[in-house]
Each structure stands twice: as C-alpha cells, then as structure tokens.
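Note sheet for the following structure.
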Amino acid sequence: MTTEAEPALVTEKPPAAGLRTGLLRDPFRYLMDAAARHEGLVRIGPRPLHIYVVSHPDYIRRILVTNAANYPKGSMMAPFRAALGNGLVTSEGDYWKRQRRLMQPAFHNEQLQAMESHITGCVERAVERWHHAAEQGVPVDILDEAIQLNVEIVLGALFSTSIDSPRAERLRALTSQVFVGLASKVWTFFLPRRLPLPGAAAYRRAVTALDTEVYRIITERRATENRPPDLLGLLLDAEDTETGERMSDRQLRDEIFTLFMAGYETTATATTWISYELARNPEIAEAVVGELGRLGVDGPPDFATLPRLEYQRRVIDEAFRLHPPFPIWFRGTLDTDVLGPYRLPKNAKIIVNPHITHRDPRFWADPEKFDPDRFSPERFDSTVRHAYYPFGKGSRICIGERLAVTITQMVVTELVRNFEFTLSEGFEVIPQYVVTCQPKGGLPLVLRER
C-alpha cells in the first residue's frame, strides 16, 4: 500500500549551510553520495525546492517509460536549451516526435556504413600520432587525444570535407567553452534566476560565436548545388513523411549543435574510461587482443566485423556501466505521481542518476569491480538489464547510441591492437562533472608498441 511518507531529507542543519558546504562545494559528489546512502530516491535541499535524486530502476522505468508523459525535461534543462536550442535532447511532445522522424534516416545502417572509411582514416591518423609518442617515450593524454579524434570524426560525418582545419579547431574551442559554461550552470537550479553568476557572459559569448559558425555553414551548404552525402546534407533534404515540411535554419542549427556536442563528448569520454580500465586490468586488455587474433583481425575492423567482437563489446558495456558518459539527467513532474512508497508533488525537479543505479549492489554483484563477463548472456539477465541504461530507456533512448558504440569499438580495437599501456606513475584519477564525467586533468598513458 502506498504511503504518504516523505523521501529522506539530505541536508545539514540549517538547510542553507548544507547547500553551501555540500551542493555548492562539489555538486556532483554531493548528489552521488546522497543517492548512494539511500535506497533509490532521496530529496535534497530545503523543503520548498522539491528536488529528488532517483536511482532505483523501478522508479527510473516509470519516469522514462511507463509514465514518461508526466516527466518532461522541465526547467532544469534551461541551461542546456540556451546552447542546444530545441534539438532532440531538449525538445518535447509533438515537436520532438517530428524531429525524431526527420533525424532517424541519418542513423540507419546504410548511413553508418557510408561513414566507415572516414572513421577508419581518422583513427589511423590518431594511431600514427600515438606511435610517435610511444617511440619518444612521451605519455599521451588519452582524454585530449580522444576529444581531438572524435571531433574530427563527428565534424567529418556532419560536414564532410567542407570544414578546414582552422574552422574545425575554432568549433572545438567554442564547444569546449560552451560545455564548461553548461557544467557550471547546471547547478544553479536552487538559486534565484536574477542572481548574476560568474562566467555567464563568457558562456553567452561562446554560444553566440558558435551560432555564427554553424549558421554560416548552413548558409554555405544551402547555396551548394552538389551536396556531399553527409549528415548535414541528409538533414537539409529530410522531409516529414506526414507534412512534407523540411527543417528551417533554426531547426538545423539546433540539431547540429546537439549532434556535435553530444556526439564527440560521448565517444571521447567512453574511449578515455575504457583506456583507464584496461590500463588497470591488463589481463582484460590481453583478452581483447586474443579475441582479435582468433577472428583474424589484423587491421582496422570493418563494420561487418564489429558484431563478432563479442568480448570487446562486453568490455565497452562494462565501461558504460561504471562510467556512463552522461551520469545524470533531468526531468520534472507535471502532476503528482507515486514511485514505490513515495508520493512526488507536481512541479518537482528530478535528477535521474544512472551513475548510482549502475553501482547499486542490490542489482550488481561486486559493483565496483570492472568485470566484462557480467554482460555475458548467462549473467546479463532481466534483473541486471533492468538496472542498466547508459543511453536511456523508452522512446527517448539516444538516437546516436549505435553510432557511438561503433566509433568506440573501432577506436578501442586499434588502441589495443597496436599498444600496451599503463597509467603514468603517480597520476591520481579524480572524476569531475563537465556535463559528461571525465578524469580531472586528463588521463596520461604510457604507450608501448606491441
């Protein structure tokens, strides 16, 4: 029977002191600790705020699947909308459904296969840089390298060869500034909206500058008669099957922002944490290499080979479990609802927390251990599958999941096939929230050629 019991309150007394010393000092760690100390749902902050951190998979399923209409993105997504506009990540309702229909063909299997040579070329150029570093005995910051590599991949997939190196570097720098601004603005939901915040002006300038670049690219492409078959070309030509309408420049801008920013951050973060876990678990890296040998993979894998790399895919899934690229998401309640024994009020703010769900010992044996075999068919049963959602659940599951996994597989294959690697001696890995979750200060690896 459902009760009216309130979820546990996580704050120090008085409430304002708790916010200053906890949420304000280290917001991400504060939320992770709060969620980990309770059983799937916890209220943070003083009572008027109605902010809840949710991690129990039963509650997550209700929020994202069975009662998703009651849980829109809500006001906590306002900082993201300032940058991403009304793209797939931030839009709602019928507008989102229309944009999803228009975007879906860009992620069909044929389009992914058309990217194969481009992705392979980008990875091979990165491997050349890494060989040079290995020969010189110079540690490689795999986070910085993964960002550089994935920016090149995503820009090429979006814009083909129409983006020269200086423009690509400018897009990367501006996007980095926007992400830094986003990361700081995420935690302002408990502050008065009119309160001036440090970095706000720089954030707006970065968004405006990125706007200018993207609109210029759209204008140039619209004026081009023979458009290359890249993602921008597909989006320009996409027609709504129900209305026959095409995207406006503003809609294109929003989707390009979303694809670029979410695309390269997801794969760069995944590559970084996989490298970290393989460096800590060299026997697992050797098992990945052994699978490549058994399958006769002695060069960059083609798309047809990737599904056969079953153990490697388990390694990637396990990395997504321990290090989901986007460790928290945001929702709100339109109306009151019941999650387990708890009643949530309308207009509550919800922080969905896959980072904690994926480490909950009620669903994962020895959850802090990096164990790819937990994703083997005999162990990855309905109970643990229920508690795994690195790309979301339901109708709003990430449209780019398959592309992200494909790129990650190709990068990981070439990294382990060419190198053994260890963490630089004395480097301490400290996770930090920058919209994604990344190791603070990068991740220096010492590479040795195989």
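Residue numbering restarts at 1 in every chain; chains get A, B, ... in the order shown in the structure tokens, and ligands count up from 1 in that same order.
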
DSSP helix (DSSP H, G or I) residues within stretch 335-375 of chain A, listed as a VMD selection string: chain A and resid 354 to 357 372 to 375

Extract, using only C-alpha atoms, all DNA, RNA and protein residues at most 12 Å from stretch 228-235 of chain A, discarding same-chain residues fewer than 2 positions from it, and format them as a PDB file with C-alpha atoms, in the first residue's frame.
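What follows is the written file around34.pdb:
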ATOM      1  CA  GLN A  99      12.288  15.970 -35.321  1.00  0.00           C
ATOM      2  CA  ARG A 100      12.919  12.333 -34.434  1.00  0.00           C
ATOM      3  CA  ARG A 101      11.193  11.258 -37.669  1.00  0.00           C
ATOM      4  CA  LEU A 102      13.304  13.678 -39.666  1.00  0.00           C
ATOM      5  CA  MET A 103      16.546  12.637 -37.967  1.00  0.00           C
ATOM      6  CA  GLN A 104      16.069   8.861 -37.951  1.00  0.00           C
ATOM      7  CA  PRO A 105      17.261   8.159 -41.531  1.00  0.00           C
ATOM      8  CA  ALA A 106      20.615   9.751 -40.720  1.00  0.00           C
ATOM      9  CA  PHE A 107      21.265   6.878 -38.302  1.00  0.00           C
ATOM     10  CA  HIS A 108      20.138   3.975 -40.455  1.00  0.00           C
ATOM     11  CA  GLU A 110      23.370   2.289 -44.647  1.00  0.00           C
ATOM     12  CA  GLN A 111      24.390   5.744 -43.457  1.00  0.00           C
ATOM     13  CA  LEU A 112      26.618   4.322 -40.735  1.00  0.00           C
ATOM     14  CA  GLN A 113      28.309   2.043 -43.267  1.00  0.00           C
ATOM     15  CA  ALA A 114      28.909   5.045 -45.514  1.00  0.00           C
ATOM     16  CA  MET A 115      30.969   6.576 -42.673  1.00  0.00           C
ATOM     17  CA  HIS A 118      36.021   8.284 -42.861  1.00  0.00           C
ATOM     18  CA  ILE A 153      35.121  12.076 -36.754  1.00  0.00           C
ATOM     19  CA  VAL A 154      31.936  13.950 -35.875  1.00  0.00           C
ATOM     20  CA  LEU A 155      32.796  17.043 -37.925  1.00  0.00           C
ATOM     21  CA  GLY A 156      33.556  14.867 -40.943  1.00  0.00           C
ATOM     22  CA  ALA A 157      30.333  12.917 -40.505  1.00  0.00           C
ATOM     23  CA  LEU A 158      28.334  16.138 -40.190  1.00  0.00           C
ATOM     24  CA  PHE A 159      30.014  18.314 -42.772  1.00  0.00           C
ATOM     25  CA  SER A 160      32.157  16.028 -44.944  1.00  0.00           C
ATOM     26  CA  THR A 161      35.260  17.819 -46.232  1.00  0.00           C
ATOM     27  CA  SER A 162      33.735  21.301 -46.199  1.00  0.00           C
ATOM     28  CA  VAL A 214      27.024  26.979 -37.586  1.00  0.00           C
ATOM     29  CA  TYR A 215      24.652  29.358 -39.397  1.00  0.00           C
ATOM     30  CA  ILE A 217      27.971  26.553 -42.577  1.00  0.00           C
ATOM     31  CA  ILE A 218      24.232  26.066 -43.172  1.00  0.00           C
ATOM     32  CA  THR A 219      24.075  29.088 -45.485  1.00  0.00           C
ATOM     33  CA  GLU A 220      27.090  27.913 -47.467  1.00  0.00           C
ATOM     34  CA  ARG A 221      25.653  24.427 -47.826  1.00  0.00           C
ATOM     35  CA  ARG A 222      22.214  25.643 -48.940  1.00  0.00           C
ATOM     36  CA  ALA A 223      23.945  27.546 -51.732  1.00  0.00           C
ATOM     37  CA  THR A 224      25.823  24.426 -52.882  1.00  0.00           C
ATOM     38  CA  GLU A 225      24.304  22.609 -55.841  1.00  0.00           C
ATOM     39  CA  ASN A 226      26.034  19.238 -55.437  1.00  0.00           C
ATOM     40  CA  ASP A 237      16.901  17.191 -47.668  1.00  0.00           C
ATOM     41  CA  ALA A 238      14.856  15.426 -44.977  1.00  0.00           C
ATOM     42  CA  GLU A 239      11.091  15.786 -45.366  1.00  0.00           C
ATOM     43  CA  ASP A 240       8.476  14.983 -42.750  1.00  0.00           C
ATOM     44  CA  GLU A 245       7.949  20.005 -44.378  1.00  0.00           C
ATOM     45  CA  ARG A 246      11.714  20.425 -44.134  1.00  0.00           C
ATOM     46  CA  MET A 247      13.807  21.874 -41.337  1.00  0.00           C
ATOM     47  CA  SER A 248      14.275  25.593 -41.002  1.00  0.00           C
ATOM     48  CA  ASP A 249      17.736  27.071 -40.461  1.00  0.00           C
ATOM     49  CA  GLN A 251      15.945  23.692 -36.533  1.00  0.00           C
ATOM     50  CA  LEU A 252      19.066  22.658 -38.412  1.00  0.00           C
ATOM     51  CA  ARG A 253      21.203  24.760 -36.086  1.00  0.00           C
ATOM     52  CA  ASP A 254      19.686  23.140 -33.004  1.00  0.00           C
ATOM     53  CA  GLU A 255      20.170  19.595 -34.297  1.00  0.00           C
ATOM     54  CA  ILE A 256      23.731  20.280 -35.479  1.00  0.00           C
ATOM     55  CA  PHE A 257      24.602  21.733 -32.066  1.00  0.00           C
ATOM     56  CA  LEU A 259      24.772  16.100 -32.671  1.00  0.00           C
ATOM     57  CA  PHE A 260      28.166  17.753 -32.466  1.00  0.00           C
TER      58      PHE A 260
END

So the first atom is atom CA of A:Glu428 and the second is atom CA of A:Pro27; what is the distance between them in Å, to one decimal place?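 Result for atom CA of A:Glu428 versus atom CA of A:Pro27: 20.3 Å, one decimal.
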
Out of A:Ser75, A:Ser184, A:Thr422, A:Ser165, which residue has the shortest atom-to-atom distance to A:Ile51 when counting only C-alpha atoms?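 Nearest to A:Ile51: A:Ser75.
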
Residues within 10 Å of A:Asp317, only C-alpha atoms, excluding chain neighbours under 6 positions, as a list in words: Ala270, Ile274, Tyr311, His323, Pro324, Asp371, Pro372, Asp373, Arg374, Phe375, Tyr388, Pro390 and Val405 of chain A

Give me the residues within 10 Å of A:Arg81 as a count of residues only, counting only C-alpha atoms and dropping any in the same chain fewer than 4 places off. 11

Could you give me, as a ChimeraX atom specification, the residues within 12 Å of A:Leu31, counting only C-alpha atoms and dropping anything in the same chain fewer than 6 positions from it? /A:10-11,19,22-25,37-38,41-45,51-55,187,327-328,350-356,433

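Among the candidate residues A:Arg205, A:Lys440, A:Arg396, A:Arg359, the one lying nearest to A:Lys97 is A:Arg396, with distances computed using only C-alpha atoms.
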
Which residues come within 6 Å of stretch 129-139 of chain A, counting only C-alpha atoms, excluding same-chain residues fewer than 2 positions away, as an NGL selection string? :A and (126-127 or 444-448)

Produce a file of the selected residues containing C-alpha atoms, as a PDB file, in the first residue's frame.
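Listed below is the output, result24.pdb:
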ATOM      1  CA  ALA A 126      45.462   9.143 -34.411  1.00  0.00           C
ATOM      2  CA  VAL A 127      47.330   5.837 -34.192  1.00  0.00           C
ATOM      3  CA  PRO A 444      48.119  10.382 -19.208  1.00  0.00           C
ATOM      4  CA  LEU A 445      49.012   6.926 -20.532  1.00  0.00           C
ATOM      5  CA  VAL A 446      52.438   5.463 -21.233  1.00  0.00           C
ATOM      6  CA  LEU A 447      52.206   3.567 -24.543  1.00  0.00           C
ATOM      7  CA  ARG A 448      54.409   0.673 -25.612  1.00  0.00           C
TER       8      ARG A 448
END

For A:Arg62, which residue out of A:Asp337, A:Glu242, A:Glu39, A:Asp360 is the nearest one, using only C-alpha atoms?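 Counting only C-alpha atoms, the residue closest to A:Arg62 is A:Asp337.
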
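Note that the spacing between atom CA of A:Ala387 and atom CA of A:Phe363 amounts to 6.8 Å.
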
How many Å separate atom CA of A:Val178 from atom CA of A:Asp33?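 Going from atom CA of A:Val178 over to atom CA of A:Asp33 covers 27.1 Å.
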
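Closest approach to A:Arg216 among A:Ile163, A:Pro367, A:Met261, A:Thr243 is made by A:Ile163 (distances from only C-alpha atoms).
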